[in-house]
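Below: entry-v2.txt (compact mmCIF, C-alpha atoms and all ligand atoms)
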```
# COMPACT_ATOMS: atom_id res chain seq x y z
CA MET A 22 105.58 17.28 89.31
CA GLN A 23 106.68 14.97 86.57
CA GLU A 24 109.84 16.21 84.90
CA VAL A 25 110.40 15.97 81.16
CA GLU A 26 113.48 16.65 79.07
CA TRP A 27 113.15 20.12 77.58
CA ILE A 28 111.79 23.55 78.44
CA TRP A 29 111.53 26.30 75.84
CA MET A 30 113.23 29.39 77.24
CA ASP A 31 113.82 32.63 75.36
CA GLY A 32 113.86 31.05 71.94
CA ARG A 33 115.63 27.75 72.53
CA LEU A 34 115.08 24.39 74.18
CA VAL A 35 117.08 23.97 77.38
CA PRO A 36 117.36 20.90 79.64
CA TRP A 37 114.62 20.90 82.34
CA LYS A 38 117.07 21.36 85.22
CA GLU A 39 118.81 24.29 83.55
CA ALA A 40 115.69 26.41 83.03
CA LYS A 41 116.59 28.91 85.79
CA VAL A 42 116.42 32.63 86.60
CA HIS A 43 118.37 35.00 88.88
CA VAL A 44 117.00 35.50 92.43
CA LEU A 45 116.72 39.22 91.74
CA THR A 46 114.31 38.62 88.87
CA HIS A 47 111.70 41.40 89.12
CA ALA A 48 108.76 39.00 88.89
CA LEU A 49 109.91 37.01 91.93
CA HIS A 50 109.70 40.15 94.06
CA TYR A 51 106.64 41.87 92.66
CA GLY A 52 104.63 39.22 90.82
CA THR A 53 105.16 40.95 87.50
CA ALA A 54 104.46 37.97 85.28
CA VAL A 55 101.61 36.55 83.22
CA PHE A 56 100.98 32.96 82.33
CA GLU A 57 98.72 30.50 80.58
CA GLY A 58 97.48 27.00 81.26
CA ILE A 59 96.72 24.91 78.19
CA ARG A 60 96.14 21.21 77.65
CA CYS A 61 97.23 18.89 74.90
CA TYR A 62 95.16 15.70 74.53
CA LYS A 63 95.76 12.38 72.88
CA THR A 64 93.55 11.88 69.81
CA GLU A 65 93.39 9.30 67.04
CA ARG A 66 95.18 11.78 64.79
CA GLY A 67 97.98 12.37 67.30
CA PRO A 68 98.39 14.95 70.08
CA ALA A 69 96.09 17.99 69.77
CA VAL A 70 96.26 21.24 71.73
CA PHE A 71 92.86 22.54 72.80
CA ARG A 72 92.17 26.12 71.65
CA LEU A 73 95.87 26.96 71.44
CA VAL A 74 95.46 30.23 69.54
CA ASP A 75 92.73 31.43 71.93
CA HIS A 76 94.99 30.74 74.91
CA MET A 77 97.87 32.56 73.22
CA LYS A 78 95.63 35.54 72.47
CA ARG A 79 94.71 35.69 76.15
CA PHE A 80 98.42 35.43 77.03
CA PHE A 81 99.14 38.53 74.93
CA ASP A 82 96.05 40.29 76.33
CA SER A 83 97.17 39.57 79.91
CA ALA A 84 100.62 40.95 79.09
CA LYS A 85 99.13 44.06 77.51
CA ILE A 86 96.96 44.74 80.56
CA CYS A 87 100.06 44.39 82.78
CA ALA A 88 102.29 46.46 80.45
CA ILE A 89 104.61 43.50 79.88
CA LYS A 90 106.01 43.49 76.37
CA ILE A 91 106.40 39.94 75.07
CA PRO A 92 109.37 39.95 72.66
CA TYR A 93 107.83 37.33 70.32
CA SER A 94 104.85 37.19 67.99
CA LEU A 95 101.77 35.12 68.68
CA GLU A 96 102.63 32.88 65.73
CA GLU A 97 106.14 32.27 67.06
CA LEU A 98 104.82 31.19 70.47
CA VAL A 99 102.12 28.95 68.96
CA GLU A 100 104.89 27.20 67.01
CA ALA A 101 107.12 27.11 70.12
CA VAL A 102 104.40 25.28 72.07
CA LYS A 103 104.15 22.59 69.41
CA GLU A 104 107.94 22.35 69.13
CA THR A 105 108.23 21.83 72.90
CA ILE A 106 105.60 19.07 72.90
CA ARG A 107 107.30 17.34 69.98
CA ALA A 108 110.76 17.63 71.56
CA ASN A 109 109.48 15.97 74.73
CA LYS A 110 107.64 13.27 72.75
CA LEU A 111 104.44 13.72 74.75
CA GLU A 112 101.02 12.49 73.67
CA GLU A 113 99.18 14.36 76.42
CA CYS A 114 100.36 17.18 78.62
CA TYR A 115 99.68 20.42 80.41
CA ILE A 116 101.34 23.49 78.87
CA ARG A 117 102.51 26.48 80.91
CA PRO A 118 103.67 29.56 78.98
CA LEU A 119 105.10 32.27 81.26
CA ALA A 120 106.26 35.81 80.51
CA TYR A 121 108.02 37.60 83.34
CA VAL A 122 109.82 40.84 84.01
CA GLY A 123 113.42 39.78 84.41
CA TYR A 124 116.61 40.83 86.12
CA GLY A 125 117.69 44.45 85.65
CA GLU A 126 116.66 47.38 87.79
CA MET A 127 115.19 46.71 91.24
CA GLY A 128 112.21 48.77 92.36
CA LEU A 129 108.72 49.02 91.01
CA TYR A 130 109.47 50.80 87.75
CA SER A 131 110.37 47.94 85.46
CA LEU A 132 109.84 49.03 81.88
CA GLY A 133 113.58 48.86 81.18
CA ASN A 134 113.98 45.29 82.39
CA PRO A 135 114.12 42.41 79.91
CA VAL A 136 111.05 40.20 79.61
CA GLY A 137 111.75 36.47 79.73
CA VAL A 138 109.46 33.92 78.14
CA ALA A 139 109.30 30.23 78.95
CA ILE A 140 107.08 27.35 77.86
CA ALA A 141 107.06 24.24 80.01
CA VAL A 142 105.09 21.08 79.33
CA TRP A 143 104.56 18.07 81.58
CA PRO A 144 102.05 15.29 82.16
CA TRP A 145 99.37 16.48 84.61
CA GLY A 146 96.42 14.24 85.42
CA ALA A 147 93.04 15.20 86.86
CA TYR A 148 93.57 18.47 88.78
CA LEU A 149 90.93 17.74 91.41
CA GLY A 150 91.41 13.97 91.31
CA GLU A 151 90.04 11.23 89.06
CA GLU A 152 87.42 10.48 91.70
CA GLY A 153 86.41 14.14 91.76
CA LEU A 154 85.63 14.05 88.04
CA VAL A 155 83.21 11.16 88.60
CA LYS A 156 81.81 11.70 92.08
CA GLY A 157 82.16 15.44 92.51
CA ILE A 158 84.18 17.44 95.03
CA ARG A 159 83.50 19.26 98.29
CA CYS A 160 83.95 23.04 98.31
CA MET A 161 83.80 25.88 100.80
CA VAL A 162 83.01 29.52 100.24
CA SER A 163 86.28 31.22 101.11
CA SER A 164 86.68 33.88 103.79
CA TRP A 165 88.94 35.63 101.25
CA ARG A 166 87.13 37.77 98.69
CA LYS A 167 87.97 37.65 95.03
CA LEU A 168 90.27 40.46 93.93
CA HIS A 169 88.26 43.39 92.65
CA SER A 170 89.09 44.85 89.25
CA GLN A 171 89.61 48.23 90.87
CA PHE A 172 92.64 46.79 92.71
CA VAL A 173 94.19 44.51 90.10
CA PRO A 174 92.80 43.26 86.79
CA PRO A 175 91.20 39.81 87.29
CA GLN A 176 90.90 39.37 83.52
CA ALA A 177 94.69 39.30 83.24
CA LYS A 178 96.10 35.89 84.10
CA ALA A 179 98.76 37.65 86.14
CA SER A 180 100.96 35.85 88.65
CA ALA A 181 100.37 38.55 91.27
CA ASN A 182 96.63 37.79 91.22
CA TYR A 183 97.30 34.24 92.31
CA LEU A 184 98.25 35.05 95.89
CA ASN A 185 94.51 35.57 96.38
CA ALA A 186 93.82 32.15 94.85
CA VAL A 187 96.60 30.46 96.83
CA LEU A 188 95.29 31.85 100.14
CA ALA A 189 91.77 30.64 99.34
CA LYS A 190 93.03 27.20 98.29
CA LEU A 191 95.18 26.79 101.42
CA GLU A 192 92.26 27.76 103.62
CA ALA A 193 89.88 25.32 101.90
CA LEU A 194 92.32 22.42 102.22
CA SER A 195 93.14 23.25 105.84
CA MET A 196 89.39 23.09 106.56
CA GLY A 197 89.10 19.65 104.94
CA TYR A 198 87.56 20.77 101.65
CA GLU A 199 88.96 20.21 98.19
CA GLU A 200 88.39 23.60 96.61
CA ALA A 201 87.47 27.20 97.45
CA ILE A 202 84.72 29.27 95.86
CA LEU A 203 85.29 33.03 96.11
CA LEU A 204 82.67 35.74 96.39
CA ASN A 205 83.48 39.16 94.99
CA LEU A 206 83.33 42.44 96.92
CA ASP A 207 79.64 42.82 96.01
CA GLY A 208 78.96 39.47 97.65
CA TYR A 209 78.17 37.63 94.42
CA VAL A 210 79.76 34.37 93.40
CA SER A 211 82.92 34.99 91.37
CA GLU A 212 84.81 31.73 90.69
CA GLY A 213 86.84 28.89 92.17
CA SER A 214 90.49 29.37 93.14
CA GLY A 215 91.51 28.19 89.67
CA GLU A 216 88.20 27.51 87.89
CA ASN A 217 85.04 29.20 86.67
CA ILE A 218 81.76 28.11 88.18
CA PHE A 219 78.39 27.05 86.77
CA MET A 220 75.12 26.12 88.45
CA VAL A 221 72.05 24.32 87.11
CA LYS A 222 68.55 25.15 88.36
CA ASP A 223 65.35 23.77 86.83
CA GLY A 224 67.17 22.75 83.66
CA VAL A 225 68.76 26.17 83.05
CA ILE A 226 72.51 26.68 83.30
CA TYR A 227 73.81 29.83 85.01
CA THR A 228 77.30 31.30 85.27
CA PRO A 229 78.56 34.66 86.58
CA PRO A 230 79.07 37.50 84.06
CA PRO A 231 82.46 39.18 83.32
CA GLU A 232 81.79 41.95 85.85
CA ALA A 233 81.83 39.33 88.63
CA CYS A 234 85.65 39.83 88.59
CA MET A 235 86.78 36.47 87.35
CA LEU A 236 89.12 35.22 84.69
CA MET A 237 87.26 34.78 81.42
CA GLY A 238 87.98 31.10 81.12
CA ILE A 239 88.41 29.43 77.77
CA THR A 240 86.83 26.27 79.17
CA ARG A 241 83.95 28.47 80.39
CA ASP A 242 83.53 29.83 76.87
CA SER A 243 83.74 26.32 75.41
CA VAL A 244 81.14 24.98 77.85
CA ILE A 245 78.74 27.87 77.15
CA LYS A 246 79.02 27.20 73.41
CA LEU A 247 78.76 23.42 73.54
CA ALA A 248 75.89 23.52 76.05
CA ARG A 249 73.94 25.90 73.80
CA ASN A 250 74.66 23.64 70.82
CA MET A 251 73.26 20.75 72.89
CA GLY A 252 70.05 22.73 73.33
CA TYR A 253 70.52 24.00 76.89
CA THR A 254 69.77 27.56 77.90
CA VAL A 255 72.86 29.25 79.41
CA VAL A 256 72.37 32.52 81.27
CA GLU A 257 75.19 34.82 82.40
CA ARG A 258 74.02 36.60 85.53
CA ASN A 259 75.12 37.32 89.08
CA ILE A 260 74.66 34.39 91.46
CA LEU A 261 74.11 34.61 95.21
CA ARG A 262 75.90 32.32 97.62
CA GLU A 263 72.66 30.74 98.82
CA GLU A 264 71.59 30.01 95.25
CA LEU A 265 74.52 27.61 95.06
CA TYR A 266 73.26 25.77 98.15
CA ILE A 267 69.84 25.12 96.56
CA ALA A 268 71.06 24.52 93.01
CA ASP A 269 70.28 21.20 91.36
CA GLU A 270 73.87 20.91 90.14
CA VAL A 271 77.10 22.90 90.43
CA PHE A 272 80.27 22.32 88.43
CA LEU A 273 83.66 23.98 87.93
CA THR A 274 85.48 24.48 84.63
CA GLY A 275 89.12 25.15 83.82
CA THR A 276 91.97 23.87 81.72
CA ALA A 277 93.47 22.02 84.67
CA ALA A 278 90.13 21.13 86.33
CA GLU A 279 88.35 20.37 83.00
CA VAL A 280 84.67 19.86 84.00
CA THR A 281 84.53 18.91 87.68
CA PRO A 282 81.20 18.35 89.48
CA VAL A 283 80.67 19.84 92.95
CA ARG A 284 78.72 17.64 95.36
CA GLU A 285 78.89 19.70 98.54
CA ILE A 286 79.35 23.37 99.49
CA ASP A 287 79.78 24.57 103.09
CA GLY A 288 78.37 21.31 104.42
CA ARG A 289 75.23 21.50 102.24
CA VAL A 290 74.67 18.63 99.84
CA ILE A 291 74.17 19.92 96.29
CA GLY A 292 71.27 18.26 94.49
CA GLU A 293 71.56 14.49 94.91
CA GLY A 294 75.11 14.79 96.28
CA ARG A 295 76.71 13.37 93.16
CA ARG A 296 77.48 14.35 89.58
CA GLY A 297 74.21 15.64 88.11
CA PRO A 298 72.82 14.57 84.71
CA ILE A 299 73.44 17.89 82.94
CA THR A 300 76.98 18.10 84.35
CA GLU A 301 77.59 14.56 83.15
CA ALA A 302 76.28 15.28 79.65
CA ILE A 303 78.44 18.41 79.34
CA GLN A 304 81.48 16.65 80.77
CA LYS A 305 81.08 13.78 78.30
CA LYS A 306 80.72 16.18 75.37
CA PHE A 307 83.77 18.16 76.57
CA PHE A 308 85.96 15.05 76.78
CA ASP A 309 84.72 13.83 73.39
CA ILE A 310 85.66 17.19 71.86
CA VAL A 311 89.13 17.48 73.39
CA HIS A 312 89.95 13.89 72.46
CA GLY A 313 89.02 14.56 68.83
CA ARG A 314 85.86 12.45 68.78
CA GLU A 315 83.65 15.33 67.56
CA GLU A 316 84.37 16.47 64.03
CA ALA A 317 82.14 19.51 64.43
CA TYR A 318 84.64 20.89 66.96
CA TYR A 319 87.88 20.16 65.10
CA HIS A 320 88.41 23.90 64.74
CA TRP A 321 89.16 23.95 68.50
CA LEU A 322 92.03 21.49 68.06
CA ASP A 323 95.54 22.31 66.93
CA PHE A 324 97.23 19.10 65.90
CA VAL A 325 100.87 18.94 66.99
N1 LIG B 1 89.71 31.21 86.90
C1 LIG B 1 90.95 31.15 87.41
C2 LIG B 1 91.31 32.00 88.57
C3 LIG B 1 91.88 30.31 86.82
O1 LIG B 1 93.11 30.27 87.31
C4 LIG B 1 91.50 29.51 85.72
C5 LIG B 1 92.47 28.57 85.08
C6 LIG B 1 90.18 29.60 85.24
C7 LIG B 1 89.32 30.48 85.86
C8 LIG B 1 89.71 28.83 84.04
O2 LIG B 1 90.28 29.32 82.87
P1 LIG B 1 90.51 28.39 81.60
O3 LIG B 1 91.63 27.48 81.93
O4 LIG B 1 90.83 29.33 80.51
O5 LIG B 1 89.26 27.65 81.36
N2 LIG B 1 93.47 28.07 85.96
C9 LIG B 1 94.69 27.56 85.42
C10 LIG B 1 95.75 27.38 86.48
C11 LIG B 1 95.49 26.38 87.53
C12 LIG B 1 96.70 26.21 88.43
O6 LIG B 1 96.54 25.60 89.48
O7 LIG B 1 97.79 26.67 88.08
C13 LIG B 1 94.45 26.28 84.62
O8 LIG B 1 93.40 25.66 84.76
O9 LIG B 1 95.31 25.93 83.83
```
Structure re-expressed in structure tokens:
Amino acid sequence: MQEVEWIWMDGRLVPWKEAKVHVLTHALHYGTAVFEGIRCYKTERGPAVFRLVDHMKRFFDSAKICAIKIPYSLEELVEAVKETIRANKLEECYIRPLAYVGYGEMGLYSLGNPVGVAIAVWPWGAYLGEEGLVKGIRCMVSSWRKLHSQFVPPQAKASANYLNAVLAKLEALSMGYEEAILLNLDGYVSEGSGENIFMVKDGVIYTPPPEACMLMGITRDSVIKLARNMGYTVVERNILREELYIADEVFLTGTAAEVTPVREIDGRVIGEGRRGPITEAIQKKFFDIVHGREEAYYHWLDFV
């Protein structure tokens, strides 16, 4: 990863290399941490963070679900994000807020341990490759199932949940694919290892509903809204694995992945085997919005 100068840690900016924790930090042992992934884009009016307050609200919601008490207010962390971007003089970056149960007592009961908060920013290009954004990527349906909400809460962006995602991602790459799609315990499509999923069939856009055990993505929400504003019908309903195979288009959404077309799943070519027209239209609109070229969506931008 590309290092920058400063990381915000527990209320102050510390040099990148000094942003460290003790090896007996609770979260390292038990995954007791929550995080966010946010992007800041270059616009004509300077750097702008996409849906910063919505991401921070989800950060606090994730913490609440996991009984992690963040010792700052939402407003303080929103300001801390902007301060960190300014301090590092970045025009575009990825932003990673993290709240973790720190060093104190060992063992599962952790309510007495301090909670540490960090905000790191760094330049991060296309998550699934520049070529992937244009040509589409190849995915496999993972042999790992998506975590069920009766085991751990998928709607919390909790570090512990990501072992599931990491296993699926490693498997997909070891099999020569670029990304994994996970089914849930009911056998319906849930999401990608780090993205939500959409499919297009006969001009209608479909995406799994909240009960499909995925993270409620902010990019997913943005795409549903902008697609509806563009006149498309978007339906939230359960999707079967084989429906993906015969879809006209499939695409993934996420802060890191942005809007990435899928051109192949499990060796089946999706549609024409390249970025489909509806995916392209949505992707173009998304990039116009985040880069500040759409005044109607300025309310989604937080200028640094
Ligand atoms: N599902 C999962 C499991 C997920 O991790 C993400 C984001 C999404 C859906 C999309 O959510 P949103 O970013 O709000 O649209 N994944 C983050 C972490 C990726 C990583 O490799 O780390 C991200 O995109 O920042």
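Restricting the calculation to all atoms listed in the file, the smallest distance between Leu149 (chain A) and any of A:Gly67, A:Gly123, A:Gly275, A:Gly313 is found for A:Gly275.
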Contacts of chain A with ligand LIG 1 (chain B) up to 7 Å, shortest pair per row, only C-alpha atoms and all ligand atoms, as JSON lines:
```
{"residue": "A:Glu57", "atom": "CA", "partner": "B:LIG1", "partner_atom": "O9", "distance": 6.6}
{"residue": "A:Gly58", "atom": "CA", "partner": "B:LIG1", "partner_atom": "O9", "distance": 3.5}
{"residue": "A:Ile59", "atom": "CA", "partner": "B:LIG1", "partner_atom": "O9", "distance": 5.9}
{"residue": "A:Ala186", "atom": "CA", "partner": "B:LIG1", "partner_atom": "C2", "distance": 6.8}
{"residue": "A:Glu212", "atom": "CA", "partner": "B:LIG1", "partner_atom": "N1", "distance": 6.2}
{"residue": "A:Gly213", "atom": "CA", "partner": "B:LIG1", "partner_atom": "N1", "distance": 6.4}
{"residue": "A:Ser214", "atom": "CA", "partner": "B:LIG1", "partner_atom": "C2", "distance": 5.3}
{"residue": "A:Gly215", "atom": "CA", "partner": "B:LIG1", "partner_atom": "O1", "distance": 3.5}
{"residue": "A:Glu216", "atom": "CA", "partner": "B:LIG1", "partner_atom": "C7", "distance": 3.8}
{"residue": "A:Asn217", "atom": "CA", "partner": "B:LIG1", "partner_atom": "C7", "distance": 4.5}
{"residue": "A:Met235", "atom": "CA", "partner": "B:LIG1", "partner_atom": "N1", "distance": 6.0}
{"residue": "A:Leu236", "atom": "CA", "partner": "B:LIG1", "partner_atom": "N1", "distance": 4.6}
{"residue": "A:Met237", "atom": "CA", "partner": "B:LIG1", "partner_atom": "O2", "distance": 6.4}
{"residue": "A:Gly238", "atom": "CA", "partner": "B:LIG1", "partner_atom": "O2", "distance": 3.4}
{"residue": "A:Ile239", "atom": "CA", "partner": "B:LIG1", "partner_atom": "O4", "distance": 3.7}
{"residue": "A:Thr240", "atom": "CA", "partner": "B:LIG1", "partner_atom": "O5", "distance": 3.6}
{"residue": "A:Arg241", "atom": "CA", "partner": "B:LIG1", "partner_atom": "O5", "distance": 5.5}
{"residue": "A:Thr274", "atom": "CA", "partner": "B:LIG1", "partner_atom": "O5", "distance": 5.9}
{"residue": "A:Gly275", "atom": "CA", "partner": "B:LIG1", "partner_atom": "O5", "distance": 3.5}
{"residue": "A:Thr276", "atom": "CA", "partner": "B:LIG1", "partner_atom": "O3", "distance": 3.6}
{"residue": "A:Ala277", "atom": "CA", "partner": "B:LIG1", "partner_atom": "O8", "distance": 3.6}
{"residue": "A:Ala278", "atom": "CA", "partner": "B:LIG1", "partner_atom": "O8", "distance": 5.8}
```
Just give me the gap between CA of Tyr51 (chain A) and CA of Met30 (chain A) in Å, one decimal is fine. 20.9 Å
May I ask which of the residues A:Arg289, A:Lys38, A:Lys222, A:Arg33 is the closest one to Ala268 (chain A), counting only C-alpha atoms? A:Lys222
Around the point (117.6, 33.9, 87.7), in the coordinates given by the file, pick out the residues reaching within 12 Å, counting only C-alpha atoms, and return them as number ranges by chain. A: 39-50, 121-125, 137
Final all heavy atoms of region 124-135 of chain A as an mmCIF file, keeping the file's coordinate frame:
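For reference, selection_17.cif as written:
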```
data_model
loop_
_atom_site.group_PDB
_atom_site.id
_atom_site.type_symbol
_atom_site.label_atom_id
_atom_site.label_comp_id
_atom_site.auth_asym_id
_atom_site.auth_seq_id
_atom_site.Cartn_x
_atom_site.Cartn_y
_atom_site.Cartn_z
ATOM 1 N N TYR A 124 115.562 40.193 85.331
ATOM 2 C CA TYR A 124 116.610 40.830 86.120
ATOM 3 C C TYR A 124 117.081 42.117 85.418
ATOM 4 O O TYR A 124 117.282 42.142 84.218
ATOM 5 C CB TYR A 124 117.780 39.851 86.237
ATOM 6 C CG TYR A 124 119.019 40.427 86.865
ATOM 7 C CD1 TYR A 124 119.125 40.532 88.246
ATOM 8 C CD2 TYR A 124 120.090 40.854 86.073
ATOM 9 C CE1 TYR A 124 120.268 41.060 88.822
ATOM 10 C CE2 TYR A 124 121.226 41.378 86.638
ATOM 11 C CZ TYR A 124 121.315 41.481 88.015
ATOM 12 O OH TYR A 124 122.431 41.995 88.575
ATOM 13 N N GLY A 125 117.222 43.182 86.209
ATOM 14 C CA GLY A 125 117.690 44.450 85.650
ATOM 15 C C GLY A 125 117.683 45.458 86.781
ATOM 16 O O GLY A 125 118.438 45.300 87.740
ATOM 17 N N GLU A 126 116.799 46.426 86.686
ATOM 18 C CA GLU A 126 116.660 47.380 87.790
ATOM 19 C C GLU A 126 115.785 46.772 88.876
ATOM 20 O O GLU A 126 114.836 46.053 88.590
ATOM 21 C CB GLU A 126 116.010 48.671 87.280
ATOM 22 C CG GLU A 126 116.900 49.505 86.369
ATOM 23 C CD GLU A 126 118.222 49.892 87.026
ATOM 24 O OE1 GLU A 126 118.199 50.306 88.221
ATOM 25 O OE2 GLU A 126 119.277 49.769 86.373
ATOM 26 N N MET A 127 116.085 47.080 90.152
ATOM 27 C CA MET A 127 115.190 46.710 91.240
ATOM 28 C C MET A 127 114.285 47.908 91.484
ATOM 29 O O MET A 127 114.576 49.012 91.026
ATOM 30 C CB MET A 127 116.005 46.322 92.474
ATOM 31 C CG MET A 127 115.278 45.473 93.508
ATOM 32 S SD MET A 127 114.123 44.231 92.852
ATOM 33 C CE MET A 127 115.197 42.811 92.664
ATOM 34 N N GLY A 128 113.180 47.696 92.163
ATOM 35 C CA GLY A 128 112.210 48.770 92.360
ATOM 36 C C GLY A 128 111.028 48.577 91.436
ATOM 37 O O GLY A 128 111.079 47.775 90.496
ATOM 38 N N LEU A 129 109.970 49.306 91.707
ATOM 39 C CA LEU A 129 108.720 49.020 91.010
ATOM 40 C C LEU A 129 108.751 49.353 89.526
ATOM 41 O O LEU A 129 108.154 48.668 88.719
ATOM 42 C CB LEU A 129 107.560 49.767 91.687
ATOM 43 C CG LEU A 129 107.347 49.392 93.164
ATOM 44 C CD1 LEU A 129 106.086 50.061 93.686
ATOM 45 C CD2 LEU A 129 107.258 47.889 93.353
ATOM 46 N N TYR A 130 109.455 50.415 89.168
ATOM 47 C CA TYR A 130 109.470 50.800 87.750
ATOM 48 C C TYR A 130 110.304 49.782 86.983
ATOM 49 O O TYR A 130 111.493 49.622 87.262
ATOM 50 C CB TYR A 130 110.015 52.208 87.566
ATOM 51 C CG TYR A 130 109.899 52.652 86.127
ATOM 52 C CD1 TYR A 130 108.691 53.147 85.643
ATOM 53 C CD2 TYR A 130 110.972 52.538 85.251
ATOM 54 C CE1 TYR A 130 108.560 53.522 84.315
ATOM 55 C CE2 TYR A 130 110.855 52.909 83.928
ATOM 56 C CZ TYR A 130 109.643 53.408 83.463
ATOM 57 O OH TYR A 130 109.516 53.765 82.147
ATOM 58 N N SER A 131 109.686 49.097 86.052
ATOM 59 C CA SER A 131 110.370 47.940 85.460
ATOM 60 C C SER A 131 110.379 47.960 83.938
ATOM 61 O O SER A 131 110.758 46.976 83.313
ATOM 62 C CB SER A 131 109.657 46.666 85.921
ATOM 63 O OG SER A 131 108.297 46.713 85.510
ATOM 64 N N LEU A 132 109.986 49.069 83.332
ATOM 65 C CA LEU A 132 109.840 49.030 81.880
ATOM 66 C C LEU A 132 111.161 48.824 81.148
ATOM 67 O O LEU A 132 111.173 48.412 79.993
ATOM 68 C CB LEU A 132 109.111 50.280 81.368
ATOM 69 C CG LEU A 132 107.603 50.314 81.685
ATOM 70 C CD1 LEU A 132 106.919 51.479 80.995
ATOM 71 C CD2 LEU A 132 106.904 49.011 81.320
ATOM 72 N N GLY A 133 112.287 49.072 81.824
ATOM 73 C CA GLY A 133 113.580 48.860 81.180
ATOM 74 C C GLY A 133 114.107 47.438 81.320
ATOM 75 O O GLY A 133 115.077 47.064 80.668
ATOM 76 N N ASN A 134 113.475 46.649 82.165
ATOM 77 C CA ASN A 134 113.980 45.290 82.390
ATOM 78 C C ASN A 134 113.620 44.360 81.233
ATOM 79 O O ASN A 134 112.569 44.523 80.615
ATOM 80 C CB ASN A 134 113.386 44.707 83.683
ATOM 81 C CG ASN A 134 113.944 45.360 84.934
ATOM 82 O OD1 ASN A 134 114.484 46.454 84.864
ATOM 83 N ND2 ASN A 134 113.793 44.704 86.060
ATOM 84 N N PRO A 135 114.468 43.372 80.967
ATOM 85 C CA PRO A 135 114.120 42.410 79.910
ATOM 86 C C PRO A 135 112.922 41.554 80.327
ATOM 87 O O PRO A 135 112.690 41.342 81.516
ATOM 88 C CB PRO A 135 115.389 41.556 79.796
ATOM 89 C CG PRO A 135 116.046 41.673 81.121
ATOM 90 C CD PRO A 135 115.744 43.058 81.639
#
```
